[in-house]
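Some notes on the structure that comes next.
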Amino acid sequence: MPPSNTDPALLPAHVMSDEIGAGRLSPIDIVDAALARIDTHERKLHAFVEVYDKEARLAAEAAEKAIRSGHR
């Protein structure tokens, strides 16, 4: 398990998967963390042409619903 102060957006994908499987993180947590990092750094980095935050959150909510209904 990663330290509790670890930004979910910075975790390796296999750790994200393990944490989601264990119920310690949700797809929503990860998307929110990633979007927060984009919001914090985008003005300086200009790394994105578009950020589809609403679509990302909808996809995370759908993934969370699938996980809650037993899909892994």
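Lettering and numbering for the structure tokens are positional, with chains as A, B, ... in the shown order, residues counted from 1 in each chain, and ligands counted from 1 in the shown order.
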
Can you tell me, as a PDB file with N, CA and C atoms, in the first residue's frame, what residues are no more than 9 Å from A:Asp7 when counting only C-alpha atoms, ignoring any on the same chain fewer than 6 positions away?
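Listing of part_36.pdb after writing:
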ATOM      1  N   ILE A  30      -8.802   8.814  -8.676  1.00  0.00           N
ATOM      2  CA  ILE A  30      -7.664   8.929  -9.587  1.00  0.00           C
ATOM      3  C   ILE A  30      -7.901  10.020 -10.627  1.00  0.00           C
ATOM      4  N   ALA A  33      -7.684  13.427  -9.003  1.00  0.00           N
ATOM      5  CA  ALA A  33      -6.288  13.780  -8.725  1.00  0.00           C
ATOM      6  C   ALA A  33      -5.566  14.201 -10.000  1.00  0.00           C
ATOM      7  N   ALA A  34      -5.796  13.476 -11.079  1.00  0.00           N
ATOM      8  CA  ALA A  34      -5.153  13.820 -12.354  1.00  0.00           C
ATOM      9  C   ALA A  34      -5.636  15.179 -12.858  1.00  0.00           C
TER      10      ALA A  34
END

Residues at most 12 Å from A:Tyr52, counting only C-alpha atoms, excluding those fewer than 5 positions away in the same chain, as a compact mmCIF listing (two decimals) with C-alpha atoms, in the first residue's frame?
# COMPACT_ATOMS: atom_id res chain seq x y z
CA VAL A 31 -9.40 11.06 -12.20
CA ALA A 34 -5.15 13.82 -12.35
CA LEU A 35 -7.47 16.71 -13.22
CA ILE A 38 -3.62 19.42 -14.81
CA ASP A 39 -5.38 22.44 -13.32
CA ARG A 57 -15.45 12.14 -14.66
CA LEU A 58 -18.36 10.40 -16.40
CA ALA A 59 -16.04 7.56 -17.45

Using backbone DSSP assignments, extract all helix (DSSP H, G or I) residues from chain A; output them as number ranges by chain.
A: 8-10, 13-21, 27-45, 53-68

For the residues in the current selection, export N, CA and C atoms as a compact mmCIF listing (two decimals), in the first residue's frame.
# COMPACT_ATOMS: atom_id res chain seq x y z
N PRO A 8 -2.68 10.08 -5.89
CA PRO A 8 -3.12 8.94 -6.70
C PRO A 8 -2.74 9.06 -8.17
N ALA A 9 -2.66 10.27 -8.68
CA ALA A 9 -2.32 10.47 -10.09
C ALA A 9 -0.88 10.10 -10.39
N LEU A 10 -0.04 9.99 -9.37
CA LEU A 10 1.37 9.68 -9.57
C LEU A 10 1.70 8.20 -9.36
N ALA A 13 0.42 2.37 -12.75
CA ALA A 13 -0.89 1.78 -13.10
C ALA A 13 -1.16 0.50 -12.33
N HIS A 14 -0.14 -0.34 -12.13
CA HIS A 14 -0.39 -1.60 -11.41
C HIS A 14 -0.73 -1.34 -9.95
N VAL A 15 -0.20 -0.28 -9.36
CA VAL A 15 -0.55 0.06 -7.98
C VAL A 15 -1.96 0.64 -7.93
N MET A 16 -2.30 1.48 -8.90
CA MET A 16 -3.68 1.99 -8.98
C MET A 16 -4.66 0.82 -9.03
N SER A 17 -4.36 -0.15 -9.88
CA SER A 17 -5.23 -1.31 -10.03
C SER A 17 -5.37 -2.07 -8.72
N ASP A 18 -4.24 -2.30 -8.04
CA ASP A 18 -4.27 -3.00 -6.75
C ASP A 18 -5.09 -2.23 -5.73
N GLU A 19 -4.90 -0.92 -5.69
CA GLU A 19 -5.61 -0.08 -4.72
C GLU A 19 -7.11 -0.04 -5.01
N ILE A 20 -7.47 0.01 -6.27
CA ILE A 20 -8.89 -0.04 -6.64
C ILE A 20 -9.47 -1.39 -6.25
N GLY A 21 -8.75 -2.46 -6.55
CA GLY A 21 -9.21 -3.80 -6.21
C GLY A 21 -9.40 -4.00 -4.72
N PRO A 27 -11.80 4.85 -9.14
CA PRO A 27 -11.46 5.54 -10.39
C PRO A 27 -11.74 7.04 -10.29
N ILE A 28 -12.75 7.40 -9.53
CA ILE A 28 -13.08 8.81 -9.34
C ILE A 28 -11.96 9.54 -8.61
N ASP A 29 -11.38 8.91 -7.59
CA ASP A 29 -10.25 9.50 -6.87
C ASP A 29 -9.09 9.78 -7.82
N ILE A 30 -8.80 8.81 -8.68
CA ILE A 30 -7.66 8.93 -9.59
C ILE A 30 -7.90 10.02 -10.63
N VAL A 31 -9.09 10.04 -11.21
CA VAL A 31 -9.40 11.06 -12.20
C VAL A 31 -9.39 12.45 -11.56
N ASP A 32 -9.97 12.58 -10.39
CA ASP A 32 -9.97 13.88 -9.72
C ASP A 32 -8.54 14.35 -9.42
N ALA A 33 -7.68 13.43 -9.00
CA ALA A 33 -6.29 13.78 -8.72
C ALA A 33 -5.57 14.20 -10.00
N ALA A 34 -5.80 13.48 -11.08
CA ALA A 34 -5.15 13.82 -12.35
C ALA A 34 -5.64 15.18 -12.86
N LEU A 35 -6.93 15.42 -12.77
CA LEU A 35 -7.47 16.71 -13.22
C LEU A 35 -6.97 17.86 -12.34
N ALA A 36 -6.80 17.61 -11.06
CA ALA A 36 -6.27 18.64 -10.17
C ALA A 36 -4.83 18.99 -10.55
N ARG A 37 -4.05 17.98 -10.90
CA ARG A 37 -2.66 18.24 -11.33
C ARG A 37 -2.65 19.02 -12.64
N ILE A 38 -3.53 18.67 -13.54
CA ILE A 38 -3.62 19.42 -14.81
C ILE A 38 -3.97 20.87 -14.51
N ASP A 39 -4.95 21.08 -13.66
CA ASP A 39 -5.38 22.44 -13.32
C ASP A 39 -4.24 23.24 -12.69
N THR A 40 -3.46 22.58 -11.84
CA THR A 40 -2.35 23.25 -11.17
C THR A 40 -1.22 23.64 -12.12
N HIS A 41 -0.91 22.77 -13.08
CA HIS A 41 0.30 22.95 -13.88
C HIS A 41 0.07 23.39 -15.32
N GLU A 42 -1.15 23.35 -15.80
CA GLU A 42 -1.39 23.59 -17.23
C GLU A 42 -1.02 25.00 -17.68
N ARG A 43 -1.26 25.98 -16.86
CA ARG A 43 -0.95 27.36 -17.28
C ARG A 43 0.53 27.54 -17.61
N LYS A 44 1.38 26.81 -16.90
CA LYS A 44 2.82 26.90 -17.13
C LYS A 44 3.28 25.95 -18.24
N LEU A 45 2.73 24.75 -18.26
CA LEU A 45 3.23 23.72 -19.18
C LEU A 45 2.62 23.78 -20.58
N ASP A 53 -12.61 17.19 -18.97
CA ASP A 53 -12.82 16.84 -17.57
C ASP A 53 -14.19 16.22 -17.31
N LYS A 54 -15.22 16.75 -17.92
CA LYS A 54 -16.57 16.19 -17.70
C LYS A 54 -16.64 14.75 -18.21
N GLU A 55 -16.07 14.52 -19.38
CA GLU A 55 -16.08 13.17 -19.96
C GLU A 55 -15.24 12.21 -19.11
N ALA A 56 -14.12 12.70 -18.60
CA ALA A 56 -13.27 11.87 -17.75
C ALA A 56 -14.00 11.48 -16.47
N ARG A 57 -14.69 12.44 -15.89
CA ARG A 57 -15.45 12.14 -14.66
C ARG A 57 -16.60 11.17 -14.93
N LEU A 58 -17.28 11.34 -16.05
CA LEU A 58 -18.36 10.40 -16.40
C LEU A 58 -17.81 8.99 -16.60
N ALA A 59 -16.66 8.88 -17.25
CA ALA A 59 -16.04 7.56 -17.45
C ALA A 59 -15.62 6.95 -16.11
N ALA A 60 -15.09 7.78 -15.21
CA ALA A 60 -14.70 7.29 -13.89
C ALA A 60 -15.92 6.83 -13.09
N GLU A 61 -17.00 7.57 -13.18
CA GLU A 61 -18.24 7.17 -12.50
C GLU A 61 -18.77 5.85 -13.06
N ALA A 62 -18.70 5.68 -14.38
CA ALA A 62 -19.14 4.43 -14.99
C ALA A 62 -18.26 3.27 -14.55
N ALA A 63 -16.96 3.50 -14.47
CA ALA A 63 -16.04 2.45 -14.01
C ALA A 63 -16.33 2.10 -12.56
N GLU A 64 -16.57 3.10 -11.74
CA GLU A 64 -16.89 2.86 -10.33
C GLU A 64 -18.18 2.04 -10.20
N LYS A 65 -19.17 2.38 -10.99
CA LYS A 65 -20.43 1.63 -10.97
C LYS A 65 -20.20 0.18 -11.39
N ALA A 66 -19.40 -0.04 -12.41
CA ALA A 66 -19.10 -1.40 -12.86
C ALA A 66 -18.37 -2.19 -11.77
N ILE A 67 -17.44 -1.55 -11.10
CA ILE A 67 -16.70 -2.21 -10.02
C ILE A 67 -17.65 -2.59 -8.89
N ARG A 68 -18.53 -1.66 -8.52
CA ARG A 68 -19.48 -1.94 -7.44
C ARG A 68 -20.44 -3.07 -7.79
